[in-house]
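Chemist: Structure supplied as final15.cif; contents: mmCIF, C-alpha atoms, pLDDT in the B column; chains and numbers go by the auth columns.
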data_run
loop_
_atom_site.group_PDB
_atom_site.id
_atom_site.type_symbol
_atom_site.label_atom_id
_atom_site.label_comp_id
_atom_site.label_asym_id
_atom_site.label_seq_id
_atom_site.Cartn_x
_atom_site.Cartn_y
_atom_site.Cartn_z
_atom_site.B_iso_or_equiv
_atom_site.auth_seq_id
_atom_site.auth_asym_id
ATOM 1 C CA MET A 1 71.418 51.013 -45.430 33.00 435 A
ATOM 2 C CA SER A 2 69.015 51.609 -42.555 34.00 436 A
ATOM 3 C CA ILE A 3 69.974 53.521 -39.449 37.00 437 A
ATOM 4 C CA SER A 4 68.589 52.874 -36.038 36.00 438 A
ATOM 5 C CA SER A 5 68.016 55.811 -33.708 37.00 439 A
ATOM 6 C CA PRO A 6 70.671 55.399 -31.038 39.00 440 A
ATOM 7 C CA THR A 7 70.123 56.756 -27.574 41.00 441 A
ATOM 8 C CA LEU A 8 72.514 59.173 -25.964 43.00 442 A
ATOM 9 C CA VAL A 9 75.118 57.120 -24.170 46.00 443 A
ATOM 10 C CA ASN A 10 76.860 60.069 -22.540 54.00 444 A
ATOM 11 C CA LEU A 11 73.853 62.193 -21.643 56.00 445 A
ATOM 12 C CA ASP A 12 70.942 60.582 -19.838 60.00 446 A
ATOM 13 C CA SER A 13 67.336 61.823 -19.886 60.00 447 A
ATOM 14 C CA GLN A 14 67.737 63.683 -16.602 54.00 448 A
ATOM 15 C CA GLN A 15 70.695 65.630 -17.968 58.00 449 A
ATOM 16 C CA LEU A 16 68.786 66.384 -21.170 61.00 450 A
ATOM 17 C CA ASN A 17 65.874 67.730 -19.169 62.00 451 A
ATOM 18 C CA ILE A 18 68.036 70.359 -17.443 62.00 452 A
ATOM 19 C CA LEU A 19 69.527 71.664 -20.694 76.00 453 A
ATOM 20 C CA LYS A 20 68.211 74.949 -22.027 82.00 454 A
ATOM 21 C CA PRO A 21 69.056 77.444 -24.777 84.00 455 A
ATOM 22 C CA HIS A 22 72.449 79.021 -24.115 89.00 456 A
ATOM 23 C CA PRO A 23 72.503 82.839 -24.312 88.00 457 A
ATOM 24 C CA ALA A 24 75.990 82.883 -25.854 90.00 458 A
ATOM 25 C CA LEU A 25 74.800 80.781 -28.802 95.00 459 A
ATOM 26 C CA THR A 26 72.508 82.708 -31.145 95.00 460 A
ATOM 27 C CA SER A 27 73.278 80.339 -34.016 97.00 461 A
ATOM 28 C CA LEU A 28 75.780 77.494 -34.347 98.00 462 A
ATOM 29 C CA SER A 29 77.635 75.511 -36.984 98.00 463 A
ATOM 30 C CA LEU A 30 78.785 72.043 -35.952 98.00 464 A
ATOM 31 C CA ILE A 31 81.658 70.951 -38.199 98.00 465 A
ATOM 32 C CA ILE A 32 82.745 67.308 -38.290 98.00 466 A
ATOM 33 C CA PRO A 33 85.756 65.816 -40.112 98.00 467 A
ATOM 34 C CA ALA A 34 85.117 62.098 -40.657 98.00 468 A
ATOM 35 C CA TYR A 35 87.417 59.343 -41.887 97.00 469 A
ATOM 36 C CA ASN A 36 86.546 55.644 -41.558 96.00 470 A
ATOM 37 C CA ASP A 37 84.139 56.407 -38.712 96.00 471 A
ATOM 38 C CA GLU A 38 81.258 54.098 -39.626 96.00 472 A
ATOM 39 C CA SER A 39 81.020 52.755 -36.066 95.00 473 A
ATOM 40 C CA THR A 40 80.609 56.206 -34.465 96.00 474 A
ATOM 41 C CA ILE A 41 79.432 58.831 -36.956 97.00 475 A
ATOM 42 C CA GLY A 42 75.729 57.959 -36.784 96.00 476 A
ATOM 43 C CA ARG A 43 75.666 58.097 -32.998 95.00 477 A
ATOM 44 C CA LEU A 44 77.605 61.370 -33.003 96.00 478 A
ATOM 45 C CA ILE A 45 75.078 62.998 -35.319 97.00 479 A
ATOM 46 C CA ALA A 46 72.083 61.622 -33.402 95.00 480 A
ATOM 47 C CA ASP A 47 73.429 62.828 -30.063 94.00 481 A
ATOM 48 C CA SER A 48 74.441 66.189 -31.527 96.00 482 A
ATOM 49 C CA ILE A 49 70.956 66.804 -32.899 96.00 483 A
ATOM 50 C CA GLU A 50 69.399 66.075 -29.503 93.00 484 A
ATOM 51 C CA VAL A 51 71.723 68.525 -27.753 94.00 485 A
ATOM 52 C CA LEU A 52 71.503 71.228 -30.416 96.00 486 A
ATOM 53 C CA ASN A 53 67.708 71.135 -30.559 94.00 487 A
ATOM 54 C CA ILE A 54 67.732 72.256 -26.926 93.00 488 A
ATOM 55 C CA VAL A 55 70.873 74.362 -26.540 94.00 489 A
ATOM 56 C CA CYS A 56 70.877 76.216 -29.885 95.00 490 A
ATOM 57 C CA PRO A 57 67.931 75.451 -32.185 94.00 491 A
ATOM 58 C CA ASP A 58 69.357 77.634 -34.989 97.00 492 A
ATOM 59 C CA TYR A 59 72.067 75.252 -36.143 98.00 493 A
ATOM 60 C CA GLU A 60 73.660 73.543 -39.122 98.00 494 A
ATOM 61 C CA ILE A 61 75.789 70.387 -39.226 98.00 495 A
ATOM 62 C CA ILE A 62 78.514 70.153 -41.872 98.00 496 A
ATOM 63 C CA VAL A 63 80.367 66.857 -42.208 98.00 497 A
ATOM 64 C CA THR A 64 83.299 66.185 -44.493 98.00 498 A
ATOM 65 C CA ASN A 65 83.838 62.562 -45.461 98.00 499 A
ATOM 66 C CA ASP A 66 87.569 62.560 -46.186 98.00 500 A
ATOM 67 C CA GLY A 67 87.852 59.625 -48.563 97.00 501 A
ATOM 68 C CA SER A 68 86.608 56.968 -46.133 97.00 502 A
ATOM 69 C CA LYS A 69 86.910 53.368 -47.320 96.00 503 A
ATOM 70 C CA ASP A 70 84.105 52.066 -45.102 96.00 504 A
ATOM 71 C CA SER A 71 80.391 52.966 -44.892 97.00 505 A
ATOM 72 C CA THR A 72 80.867 56.431 -43.394 97.00 506 A
ATOM 73 C CA LEU A 73 79.556 58.225 -46.496 98.00 507 A
ATOM 74 C CA THR A 74 76.491 55.979 -46.800 98.00 508 A
ATOM 75 C CA ILE A 75 75.566 56.620 -43.169 98.00 509 A
ATOM 76 C CA LEU A 76 75.995 60.363 -43.652 98.00 510 A
ATOM 77 C CA GLN A 77 73.825 60.362 -46.761 97.00 511 A
ATOM 78 C CA ASP A 78 71.053 58.563 -44.886 97.00 512 A
ATOM 79 C CA TRP A 79 71.177 61.147 -42.116 97.00 513 A
ATOM 80 C CA ALA A 80 71.164 64.036 -44.605 97.00 514 A
ATOM 81 C CA ARG A 81 67.994 62.667 -46.201 96.00 515 A
ATOM 82 C CA LYS A 82 66.315 62.723 -42.792 95.00 516 A
ATOM 83 C CA ASN A 83 67.525 66.152 -41.681 96.00 517 A
ATOM 84 C CA ASP A 84 67.928 69.047 -44.109 95.00 518 A
ATOM 85 C CA ARG A 85 70.226 70.891 -41.691 97.00 519 A
ATOM 86 C CA ILE A 86 72.955 68.316 -42.401 98.00 520 A
ATOM 87 C CA ARG A 87 75.324 69.126 -45.258 98.00 521 A
ATOM 88 C CA ILE A 88 77.891 66.665 -46.581 98.00 522 A
ATOM 89 C CA ILE A 89 81.181 67.493 -48.276 98.00 523 A
ATOM 90 C CA ASN A 90 82.714 64.423 -49.878 98.00 524 A
ATOM 91 C CA HIS A 91 86.394 64.002 -50.729 98.00 525 A
ATOM 92 C CA GLU A 92 86.765 61.168 -53.205 97.00 526 A
ATOM 93 C CA VAL A 93 90.424 60.871 -52.159 96.00 527 A
ATOM 94 C CA ASN A 94 91.685 61.338 -48.617 96.00 528 A
ATOM 95 C CA GLN A 95 93.169 64.823 -48.191 95.00 529 A
ATOM 96 C CA GLY A 96 94.217 64.537 -44.565 94.00 530 A
ATOM 97 C CA PHE A 97 93.017 66.231 -41.405 94.00 531 A
ATOM 98 C CA GLY A 98 94.700 69.603 -41.984 94.00 532 A
ATOM 99 C CA LEU A 99 93.075 70.420 -45.316 95.00 533 A
ATOM 100 C CA THR A 100 89.774 68.902 -44.199 97.00 534 A
ATOM 101 C CA ILE A 101 89.376 70.887 -40.978 97.00 535 A
ATOM 102 C CA LYS A 102 90.622 74.082 -42.662 97.00 536 A
ATOM 103 C CA GLU A 103 87.927 73.710 -45.309 97.00 537 A
ATOM 104 C CA LEU A 104 85.308 73.182 -42.628 98.00 538 A
ATOM 105 C CA TYR A 105 86.437 76.248 -40.690 97.00 539 A
ATOM 106 C CA TYR A 106 85.738 78.399 -43.738 97.00 540 A
ATOM 107 C CA VAL A 107 82.447 76.897 -44.961 97.00 541 A
ATOM 108 C CA ALA A 108 80.627 77.265 -41.615 97.00 542 A
ATOM 109 C CA GLN A 109 78.016 80.031 -41.810 96.00 543 A
ATOM 110 C CA LYS A 110 76.523 80.508 -38.330 98.00 544 A
ATOM 111 C CA ASN A 111 77.618 83.034 -35.700 97.00 545 A
ATOM 112 C CA ALA A 112 79.508 80.445 -33.625 98.00 546 A
ATOM 113 C CA VAL A 113 81.288 77.284 -34.747 98.00 547 A
ATOM 114 C CA ILE A 114 82.244 74.121 -32.872 98.00 548 A
ATOM 115 C CA SER A 115 84.356 71.249 -34.167 97.00 549 A
ATOM 116 C CA LEU A 116 83.824 67.590 -33.230 97.00 550 A
ATOM 117 C CA PRO A 117 85.726 64.698 -34.863 96.00 551 A
ATOM 118 C CA GLY A 118 83.731 61.808 -36.286 97.00 552 A
ATOM 119 C CA ASP A 119 85.361 59.250 -33.986 95.00 553 A
ATOM 120 C CA TYR A 120 83.270 60.348 -30.963 95.00 554 A
ATOM 121 C CA GLN A 121 86.205 60.982 -28.667 94.00 555 A
ATOM 122 C CA TYR A 122 84.247 64.053 -27.582 95.00 556 A
ATOM 123 C CA SER A 123 80.593 63.997 -26.581 93.00 557 A
ATOM 124 C CA PRO A 124 78.302 66.735 -27.962 95.00 558 A
ATOM 125 C CA LYS A 125 77.422 67.601 -24.367 92.00 559 A
ATOM 126 C CA GLU A 126 80.842 69.304 -24.065 93.00 560 A
ATOM 127 C CA LEU A 127 79.298 72.148 -26.034 94.00 561 A
ATOM 128 C CA VAL A 128 77.438 73.194 -22.892 91.00 562 A
ATOM 129 C CA LYS A 129 80.653 73.594 -20.879 92.00 563 A
ATOM 130 C CA MET A 130 82.503 75.352 -23.658 95.00 564 A
ATOM 131 C CA ALA A 131 79.667 77.757 -24.469 95.00 565 A
ATOM 132 C CA ASN A 132 80.128 79.321 -21.038 93.00 566 A
ATOM 133 C CA GLY A 133 83.537 80.484 -22.246 95.00 567 A
ATOM 134 C CA LEU A 134 81.926 82.622 -24.949 95.00 568 A
ATOM 135 C CA ASN A 135 80.383 84.834 -22.279 92.00 569 A
ATOM 136 C CA ASN A 136 83.696 86.686 -21.913 94.00 570 A
ATOM 137 C CA HIS A 137 85.909 85.246 -24.651 97.00 571 A
ATOM 138 C CA ASP A 138 85.927 84.827 -28.428 97.00 572 A
ATOM 139 C CA PHE A 139 87.665 81.464 -28.825 98.00 573 A
ATOM 140 C CA VAL A 140 87.340 78.426 -26.556 97.00 574 A
ATOM 141 C CA ILE A 141 89.681 75.420 -26.552 96.00 575 A
ATOM 142 C CA GLY A 142 88.494 72.188 -24.943 96.00 576 A
ATOM 143 C CA LEU A 143 91.247 71.125 -22.537 94.00 577 A
ATOM 144 C CA ARG A 144 91.371 67.324 -22.271 92.00 578 A
ATOM 145 C CA VAL A 145 91.920 66.761 -18.553 86.00 579 A
ATOM 146 C CA LYS A 146 92.226 62.991 -18.921 85.00 580 A
ATOM 147 C CA ARG A 147 93.312 62.232 -22.447 83.00 581 A
ATOM 148 C CA ASN A 148 92.284 58.770 -23.675 80.00 582 A
ATOM 149 C CA ASP A 149 95.055 58.223 -26.217 82.00 583 A
ATOM 150 C CA PRO A 150 98.114 55.938 -26.383 82.00 584 A
ATOM 151 C CA TRP A 151 101.181 57.182 -24.519 81.00 585 A
ATOM 152 C CA ARG A 152 102.979 57.918 -27.805 83.00 586 A
ATOM 153 C CA ARG A 153 100.256 60.350 -28.891 81.00 587 A
ATOM 154 C CA LYS A 154 100.371 62.007 -25.479 84.00 588 A
ATOM 155 C CA LEU A 155 104.155 62.367 -25.696 85.00 589 A
ATOM 156 C CA GLN A 156 103.991 63.807 -29.212 80.00 590 A
ATOM 157 C CA SER A 157 101.388 66.291 -28.044 79.00 591 A
ATOM 158 C CA ALA A 158 103.450 67.328 -25.018 81.00 592 A
ATOM 159 C CA VAL A 159 106.534 67.981 -27.169 83.00 593 A
ATOM 160 C CA TYR A 160 104.443 69.798 -29.760 81.00 594 A
ATOM 161 C CA ASN A 161 102.814 72.118 -27.247 78.00 595 A
ATOM 162 C CA LEU A 162 106.174 72.775 -25.567 82.00 596 A
ATOM 163 C CA MET A 163 107.600 73.897 -28.909 82.00 597 A
ATOM 164 C CA LEU A 164 104.634 76.222 -29.411 84.00 598 A
ATOM 165 C CA ARG A 165 105.336 77.817 -26.054 83.00 599 A
ATOM 166 C CA ILE A 166 109.052 78.202 -26.790 80.00 600 A
ATOM 167 C CA ILE A 167 108.715 79.502 -30.364 82.00 601 A
ATOM 168 C CA TYR A 168 105.486 81.502 -30.195 82.00 602 A
ATOM 169 C CA GLY A 169 104.946 82.125 -26.504 79.00 603 A
ATOM 170 C CA HIS A 170 101.639 80.303 -26.776 74.00 604 A
ATOM 171 C CA LYS A 171 100.524 79.495 -23.239 82.00 605 A
ATOM 172 C CA HIS A 172 97.596 77.150 -23.930 85.00 606 A
ATOM 173 C CA LYS A 173 98.108 73.434 -23.397 83.00 607 A
ATOM 174 C CA ASP A 174 95.872 71.597 -25.885 89.00 608 A
ATOM 175 C CA VAL A 175 95.733 73.393 -29.245 88.00 609 A
ATOM 176 C CA ASN A 176 94.723 70.272 -31.180 88.00 610 A
ATOM 177 C CA SER A 177 91.601 69.661 -29.138 93.00 611 A
ATOM 178 C CA ILE A 178 88.087 70.740 -30.179 96.00 612 A
ATOM 179 C CA LYS A 179 87.277 74.432 -30.486 97.00 613 A
ATOM 180 C CA LEU A 180 84.260 76.708 -30.153 98.00 614 A
ATOM 181 C CA TYR A 181 84.730 80.153 -31.639 98.00 615 A
ATOM 182 C CA LYS A 182 83.015 83.190 -33.092 97.00 616 A
ATOM 183 C CA ARG A 183 82.813 82.851 -36.875 97.00 617 A
ATOM 184 C CA ASP A 184 83.723 86.508 -37.359 97.00 618 A
ATOM 185 C CA ILE A 185 87.333 85.772 -36.363 98.00 619 A
ATOM 186 C CA LEU A 186 88.030 84.284 -39.787 97.00 620 A
ATOM 187 C CA ASN A 187 87.143 87.588 -41.439 96.00 621 A
ATOM 188 C CA HIS A 188 90.230 89.068 -39.797 96.00 622 A
ATOM 189 C CA ILE A 189 92.888 86.339 -39.935 96.00 623 A
ATOM 190 C CA GLU A 190 94.157 84.035 -42.684 95.00 624 A
ATOM 191 C CA LEU A 191 94.909 80.362 -42.113 95.00 625 A
ATOM 192 C CA ARG A 192 97.738 79.205 -44.391 92.00 626 A
ATOM 193 C CA SER A 193 98.721 75.738 -43.213 90.00 627 A
ATOM 194 C CA GLY A 194 97.403 72.645 -44.971 89.00 628 A
ATOM 195 C CA THR A 195 98.623 70.225 -42.317 89.00 629 A
ATOM 196 C CA ALA A 196 97.412 69.366 -38.818 87.00 630 A
ATOM 197 C CA PHE A 197 99.326 72.452 -37.688 89.00 631 A
ATOM 198 C CA VAL A 198 96.349 74.515 -38.879 94.00 632 A
ATOM 199 C CA ASP A 199 94.699 74.006 -35.476 93.00 633 A
ATOM 200 C CA ALA A 200 97.651 75.550 -33.651 91.00 634 A
ATOM 201 C CA GLU A 201 97.917 78.255 -36.297 94.00 635 A
ATOM 202 C CA PHE A 202 94.265 79.139 -35.725 96.00 636 A
ATOM 203 C CA CYS A 203 94.830 79.526 -31.977 94.00 637 A
ATOM 204 C CA ILE A 204 98.037 81.550 -32.354 92.00 638 A
ATOM 205 C CA ARG A 205 96.807 83.914 -35.064 94.00 639 A
ATOM 206 C CA THR A 206 93.526 84.452 -33.201 96.00 640 A
ATOM 207 C CA GLU A 207 95.324 85.475 -30.022 93.00 641 A
ATOM 208 C CA LYS A 208 97.863 87.661 -31.822 92.00 642 A
ATOM 209 C CA ALA A 209 94.971 89.456 -33.560 95.00 643 A
ATOM 210 C CA GLY A 210 93.717 90.535 -30.139 96.00 644 A
ATOM 211 C CA TYR A 211 90.895 88.056 -29.614 97.00 645 A
ATOM 212 C CA ARG A 212 90.350 86.543 -26.181 96.00 646 A
ATOM 213 C CA VAL A 213 91.216 82.835 -25.983 96.00 647 A
ATOM 214 C CA ILE A 214 90.439 80.493 -23.086 96.00 648 A
ATOM 215 C CA GLU A 215 90.787 76.783 -22.322 96.00 649 A
ATOM 216 C CA ILE A 216 87.940 75.018 -20.540 96.00 650 A
ATOM 217 C CA PRO A 217 88.329 71.470 -19.104 95.00 651 A
ATOM 218 C CA ILE A 218 86.319 68.783 -20.908 95.00 652 A
ATOM 219 C CA ASP A 219 86.089 64.987 -20.979 91.00 653 A
ATOM 220 C CA HIS A 220 87.884 62.880 -23.587 92.00 654 A
ATOM 221 C CA LEU A 221 86.602 59.435 -24.551 91.00 655 A
ATOM 222 C CA PRO A 222 88.448 56.328 -25.797 87.00 656 A
ATOM 223 C CA ARG A 223 88.719 55.988 -29.572 80.00 657 A
ATOM 224 C CA LEU A 224 86.191 53.498 -30.971 75.00 658 A
ATOM 225 C CA SER A 225 86.725 53.850 -34.708 63.00 659 A
ATOM 226 C CA GLN A 226 89.734 53.496 -37.016 57.00 660 A
ATOM 227 C CA GLY A 227 89.801 57.248 -37.449 54.00 661 A
ATOM 228 C CA ALA A 228 92.501 59.470 -38.884 53.00 662 A
ATOM 229 C CA SER A 229 96.258 59.059 -39.277 50.00 663 A
ATOM 230 C CA GLY A 230 97.605 61.797 -37.012 50.00 664 A
ATOM 231 C CA GLY A 231 100.213 59.446 -35.533 55.00 665 A
ATOM 232 C CA LYS A 232 101.967 58.669 -38.835 65.00 666 A
ATOM 233 C CA ILE A 233 105.575 59.831 -39.130 68.00 667 A
ATOM 234 C CA SER A 234 104.880 61.642 -42.427 65.00 668 A
ATOM 235 C CA VAL A 235 101.991 63.580 -40.850 70.00 669 A
ATOM 236 C CA ILE A 236 104.075 64.480 -37.797 73.00 670 A
ATOM 237 C CA THR A 237 107.003 65.654 -39.960 78.00 671 A
ATOM 238 C CA GLN A 238 104.814 67.891 -42.127 77.00 672 A
ATOM 239 C CA THR A 239 103.098 69.340 -39.057 76.00 673 A
ATOM 240 C CA PHE A 240 106.365 70.216 -37.323 67.00 674 A
ATOM 241 C CA ALA A 241 107.680 71.773 -40.555 72.00 675 A
ATOM 242 C CA ASP A 242 104.673 74.090 -40.669 75.00 676 A
ATOM 243 C CA LEU A 243 105.196 74.884 -36.983 72.00 677 A
ATOM 244 C CA LEU A 244 108.647 76.241 -37.794 70.00 678 A
ATOM 245 C CA ASN A 245 107.703 77.921 -41.077 74.00 679 A
ATOM 246 C CA MET A 246 104.895 80.062 -39.670 74.00 680 A
ATOM 247 C CA ARG A 247 107.391 82.304 -37.871 68.00 681 A
ATOM 248 C CA SER A 248 108.095 84.194 -41.107 61.00 682 A
ATOM 249 C CA SER A 249 104.426 85.095 -41.650 69.00 683 A
ATOM 250 C CA LEU A 250 103.643 86.556 -38.231 65.00 684 A
#
Translate the structure described by the file into structure tokens.

Modeler:
Amino acid sequence: MSISSPTLVNLDSQQLNILKPHPALTSLSLIIPAYNDESTIGRLIADSIEVLNIVCPDYEIIVTNDGSKDSTLTILQDWARKNDRIRIINHEVNQGFGLTIKELYYVAQKNAVISLPGDYQYSPKELVKMANGLNNHDFVIGLRVKRNDPWRRKLQSAVYNLMLRIIYGHKHKDVNSIKLYKRDILNHIELRSGTAFVDAEFCIRTEKAGYRVIEIPIDHLPRLSQGASGGKISVITQTFADLLNMRSSL
């Protein structure tokens, strides 16, 4: 399968020209969970490489194909043949977002790590905004100021984040958004959840361990691919169960 070289749709040449290496990023791992993202994954990787080559040239890209039934894996393999900084983890059977992102959190090797989903609801250019947060903080959450999701997903998220505030006193508003963090944090905390709750767990345990956490506003794009199953009742039920169960381990 051949791959064309897409142009950056969210970052024009003028914006690229003003980018420069960011002092807070000495080295960077970009981690990407992908599931049925054949329509977006190639463009995400192409755009990410363009941004990373300027902002943080010492980088790696790790993508997990979580049992996709479309051409996601084939596209990833083509990209990996062209760029030896791209590493692919392949799940023959879908394991779900929680286990996939948790695995990616731990396999990243560079000093800083950023997560981007394969559906391109976040542009790689958001790295530039979020990297500013590492000047005085250890963990940066991308706050979606205008979330491009169906109203049901927005409602679920609002209830979820309210429960986190009530149960754990967690003041941040968007724990399931993308994150940029110092890799060293994971040497001092243990992530236990295997569901989508792992993102909230990461934020809560990081803050309780004394690390500085901040939210920085970012853009959120409409979903273009089939993507993951975060809206399924079974996924929601398991996530909320983990939300309640973590209380005993803090």

Chemist: To verify the selection step, state as a VMD selection string which residues the PyMOL selection byres ((chain A and resi 635) around 9) yields on this input.

Modeler: chain A and resid 609 625 to 627 631 to 634 636 to 640 677 680

Chemist: Might you spell out which residues the PyMOL selection byres ((chain A and resi 538) around 10) would select in the displayed file, as a PyMOL selection string?

Modeler: chain A and resi 463-467+496-498+523+533-537+539-542+547+549

Chemist: Now that the selection is made, can you save its residues with C-alpha atoms as a short mmCIF file (atom, residue, chain, number, x, y, z; two decimals), in the coordinates of the input?

Modeler:
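And here is the file that came out, part34.cif:
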data_model
loop_
_atom_site.label_atom_id
_atom_site.label_comp_id
_atom_site.auth_asym_id
_atom_site.auth_seq_id
_atom_site.Cartn_x
_atom_site.Cartn_y
_atom_site.Cartn_z
CA SER A 463 77.64 75.51 -36.98
CA LEU A 464 78.78 72.04 -35.95
CA ILE A 465 81.66 70.95 -38.20
CA ILE A 466 82.74 67.31 -38.29
CA PRO A 467 85.76 65.82 -40.11
CA ILE A 496 78.51 70.15 -41.87
CA VAL A 497 80.37 66.86 -42.21
CA THR A 498 83.30 66.18 -44.49
CA ILE A 523 81.18 67.49 -48.28
CA LEU A 533 93.08 70.42 -45.32
CA THR A 534 89.77 68.90 -44.20
CA ILE A 535 89.38 70.89 -40.98
CA LYS A 536 90.62 74.08 -42.66
CA GLU A 537 87.93 73.71 -45.31
CA TYR A 539 86.44 76.25 -40.69
CA TYR A 540 85.74 78.40 -43.74
CA VAL A 541 82.45 76.90 -44.96
CA ALA A 542 80.63 77.26 -41.62
CA VAL A 547 81.29 77.28 -34.75
CA SER A 549 84.36 71.25 -34.17
#

Chemist: For Pro651 of chain A, which residue among A:Arg587, A:His604, A:His622, A:Lys580 is the nearest when counting only C-alpha atoms?

Modeler: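 Among A:Arg587, A:His604, A:His622, A:Lys580, it is A:Lys580 that comes nearest to Pro651 of chain A.
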
Chemist: Counting all atoms listed in the file, figure out which residue out of A:Pro584, A:Pro491, A:Gly603, A:Gly501 gets nearest to Thr460 of chain A.

Modeler: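 Distance minimum relative to Thr460 of chain A lands on A:Pro491.
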
Chemist: Calculate how many Å separate atom CA of Pro558 of chain A from atom CA of Leu589 of chain A, rounding to one decimal.

Modeler: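 That distance, rounded to one decimal, is 26.3 Å.
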
Chemist: May I ask for the distance between atom CA of Leu453 of chain A and atom CA of Arg515 of chain A, given in Å to one decimal place?

Modeler: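 That distance, rounded to one decimal, is 27.1 Å.
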
Chemist: Between atom CA of Asp676 of chain A and atom CA of His606 of chain A, measure the distance and give it in Å to one decimal.

Modeler: 18.4 Å

Chemist: Using all atoms of segment 490-497 of chain A that appear in the file, construct an axis-aligned enclosing box with 5 Å of padding on every side and provide its centre coordinates and edge lengths in Å, rounded to one decimal, as AutoDock Vina command-line options.

Modeler:
--center_x 74.1 --center_y 72.2 --center_z -36.0 --size_x 22.4 --size_y 20.8 --size_z 22.3

Chemist: I need the residue set behind the PyMOL selection byres ((chain A and resi 486) around 10) for this file; please write it as a list in words.

Modeler: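 On this input, the PyMOL selection byres ((chain A and resi 486) around 10) captures Leu453, Lys454, Pro455, Ser461, Leu462, Ser463, Leu464, Asp481, Ser482, Ile483, Glu484, Val485, Asn487, Ile488, Val489, Cys490, Pro491, Asp492, Tyr493, Glu494, Ile495, Pro558, Lys559, Leu561 and Val562 of chain A.
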
Chemist: May I ask which of the residues A:Asp583, A:Asp518, A:Glu526, A:Glu472 is the closest one to Ser505 of chain A, counting only C-alpha atoms?

Modeler: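 Of A:Asp583, A:Asp518, A:Glu526, A:Glu472, the one nearest Ser505 of chain A, counting only C-alpha atoms, is A:Glu472.
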